[in-house]
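Chemist: My structure is below; once you've seen it, I'll send some questions.
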Amino acid sequence: MSKQETIEYSAPVGDSVAQTTCYMCACRCGIKVHLKDGKLRYIEGNRAHPVNRGVLCAKGSAGIMNVLSPARLRKPLKRVGERGAGEFEEIEWEEALSIITARLAKIRANDPKQFAFFTGRDQSQSLTGYFAQMFGTLNFAAHGGFCTVNMAAAGLYSVGGAFWEFGEPDWEHAKIFLLIGVAEDHDSNPIKLGLGRLKERGAKIVAINPVRTGYGAIADEFVAITPGTDGLFVLALVHCLLEEGAIDTEFLIRHTNAHYLVIDAPGTAEDGLFARDESGAPLCLDRADHQIKPASTLGADPALLGSVTLPDGARGAPRLRAAGGAL
């Protein structure tokens, strides 16, 4: 083959490269964005980035369509027909901002609380919420996914962090790794790298999901759980761990609310709520002197099982027991 016939498989597609992070999920993989004449031409994984080490999933590659999709709005749209008719015209940002400013000024002068502000999942709620409060309204909210809120709550109560994408599991020391209903398009690159390390070390991987695809395909054990029974499954695991005495009680007391007393008063508005003292502090039962005290009392030895009569006469039990962990 002559020199002229040689194919350049790695020919540059642009004249400059910008380094940033992907925004197609909360993983934030490192990417290299190839530009030509200032316009996006190609996205590839950044091999020097510690999160993905050059790997880019299909969602990340599709991020180019955020910019180049022919369906993307290029300018603000102003409704020109009847509401619901779907008739709009493009306007410039100056005109759009003038319209919005005039409307907001009228609302704020009359009654700021008439302004309801809802934003999408842009992960800048700290700023948008601050804007709404400064405007004078409490009627603001943002998108929150079931795939994220429950994960964040579990992380805060267990490992102290809201997002496992950033804290990451202990890939180097874990002996058993549970995957319970993990979305396969979420944080995919670090999980793939981590699962590879677990396999190399001989750690056991257990996948719990209605279907065995993706990560579950390489699991050492697969549990085909029935949809809607995951809560029962997890509580059953807790029960077994309690029976075996395999619970780190010091960790639960120090880092979770497992020892908070929960009110057991069926049929009342307080049933299932935390028992609190007059200052609003949650209560616990001290095993040392069998007294009810604020859960944060230094030197206390909170009970995780059993039940007690609360000062108002209602029954109460530690949250761990109330949640189904009783022996």
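A note on labels: chains of the structure tokens are A, B, ... as shown, every chain counts residues from 1, and ligands are counted from 1 in their shown order.
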Just want the 8 Å neighbourhood of Tyr260 in chain A, counted on only C-alpha atoms, with same-chain residues fewer than 2 positions away dropped. Output as a VMD selection string.
Modeler: chain A and resid 257 to 258 262 274 to 275 282 to 284 295 317 to 319
Chemist: Only N, CA and C atoms, please: the residues just picked out, written as a compact mmCIF listing (two decimals), in the first residue's frame.
Modeler:
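Contents of out-v7.txt, as written:
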```
# COMPACT_ATOMS: atom_id res chain seq x y z
N ASN A 257 -30.17 6.85 63.32
CA ASN A 257 -31.23 7.13 64.30
C ASN A 257 -31.91 5.85 64.74
N ALA A 258 -31.19 4.72 64.68
CA ALA A 258 -31.77 3.43 65.03
C ALA A 258 -32.25 3.38 66.48
N VAL A 262 -39.73 5.50 68.71
CA VAL A 262 -40.84 5.75 67.80
C VAL A 262 -42.14 5.50 68.54
N PHE A 274 -41.25 10.17 65.76
CA PHE A 274 -40.26 10.11 66.82
C PHE A 274 -40.81 10.76 68.09
N ALA A 275 -40.56 10.12 69.21
CA ALA A 275 -40.90 10.73 70.50
C ALA A 275 -39.88 11.82 70.81
N PRO A 282 -35.23 14.40 69.84
CA PRO A 282 -35.67 12.99 69.85
C PRO A 282 -35.16 12.28 71.08
N LEU A 283 -35.91 11.27 71.53
CA LEU A 283 -35.61 10.58 72.77
C LEU A 283 -35.11 9.17 72.51
N CYS A 284 -34.41 8.62 73.53
CA CYS A 284 -33.97 7.23 73.50
C CYS A 284 -34.13 6.65 74.89
N ALA A 295 -31.74 11.62 72.71
CA ALA A 295 -30.94 10.62 72.00
C ALA A 295 -29.47 11.00 71.88
N ALA A 317 -40.88 2.49 71.04
CA ALA A 317 -39.87 1.47 70.79
C ALA A 317 -38.76 2.07 69.95
N PRO A 318 -37.51 1.60 70.13
CA PRO A 318 -36.42 2.10 69.29
C PRO A 318 -36.74 1.90 67.82
N ARG A 319 -36.26 2.78 66.98
CA ARG A 319 -36.60 2.73 65.56
C ARG A 319 -36.21 1.42 64.92
```
Chemist: Which neighbours of Val182 in chain A fall inside 9 Å, counting only C-alpha atoms, when residues of the same chain fewer than 5 positions from it are skipped, and could you give them as a VMD selection string?
Modeler: chain A and resid 147 207 to 209 215
Chemist: Please produce an output containing all heavy atoms for each residue in the selection, written as a tab-separated table (two decimals), in the first residue's frame.
Modeler:
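Final file, out-v8.tsv:
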```tsv
chain	number	residue	atom	x	y	z
A	147	CYS	N	-35.07	7.63	42.11
A	147	CYS	CA	-33.80	6.91	41.99
A	147	CYS	C	-32.70	7.59	42.78
A	147	CYS	O	-31.64	7.01	42.99
A	147	CYS	CB	-33.40	6.82	40.52
A	147	CYS	SG	-33.08	8.43	39.76
A	207	ALA	N	-26.44	-9.86	43.20
A	207	ALA	CA	-27.32	-8.93	42.50
A	207	ALA	C	-28.77	-9.27	42.85
A	207	ALA	O	-29.19	-10.43	42.76
A	207	ALA	CB	-27.11	-9.01	41.00
A	208	ILE	N	-29.53	-8.26	43.25
A	208	ILE	CA	-30.94	-8.43	43.64
A	208	ILE	C	-31.76	-7.53	42.72
A	208	ILE	O	-31.69	-6.30	42.82
A	208	ILE	CB	-31.15	-8.05	45.12
A	208	ILE	CG1	-30.23	-8.90	46.00
A	208	ILE	CG2	-32.61	-8.22	45.52
A	208	ILE	CD1	-30.05	-8.39	47.40
A	209	ASN	N	-32.52	-8.14	41.82
A	209	ASN	CA	-33.22	-7.38	40.79
A	209	ASN	C	-34.28	-8.28	40.16
A	209	ASN	O	-34.11	-9.50	40.13
A	209	ASN	CB	-32.23	-6.90	39.73
A	209	ASN	CG	-32.63	-5.58	39.11
A	209	ASN	OD1	-33.77	-5.43	38.67
A	209	ASN	ND2	-31.72	-4.63	39.08
A	215	TYR	N	-25.04	-5.67	35.14
A	215	TYR	CA	-24.22	-6.00	36.30
A	215	TYR	C	-24.57	-7.37	36.87
A	215	TYR	O	-23.71	-8.13	37.31
A	215	TYR	CB	-24.39	-4.95	37.39
A	215	TYR	CG	-24.17	-3.52	36.94
A	215	TYR	CD1	-24.98	-2.49	37.40
A	215	TYR	CD2	-23.15	-3.20	36.05
A	215	TYR	CE1	-24.78	-1.18	36.99
A	215	TYR	CE2	-22.95	-1.90	35.63
A	215	TYR	CZ	-23.78	-0.90	36.11
A	215	TYR	OH	-23.58	0.39	35.70
```
Chemist: Just how far from CA of Ala26 in chain A is CA of Val51 in chain A, in Å to one decimal?
Modeler: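 Going from CA of Val51 in chain A over to CA of Ala26 in chain A, I get 11.5 Å.
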Chemist: Tell me which protein, DNA and RNA residues are within 12 Å of Arg108 in chain A, counting only C-alpha atoms, leaving out same-chain ones fewer than 3 positions away, and put them as a ChimeraX atom specification.
Modeler: /A:101-105,111-116,132-137
Chemist: One number please: CA of Gly45 in chain A to CA of Phe177 in chain A, in Å, one decimal.
Modeler: 26.9 Å
Chemist: For Pro169 in chain A, which residue among A:Gly228, A:Gly181, A:Gly313, A:Gly155 is the nearest when counting only C-alpha atoms?
Modeler: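 Closest candidate: A:Gly155.
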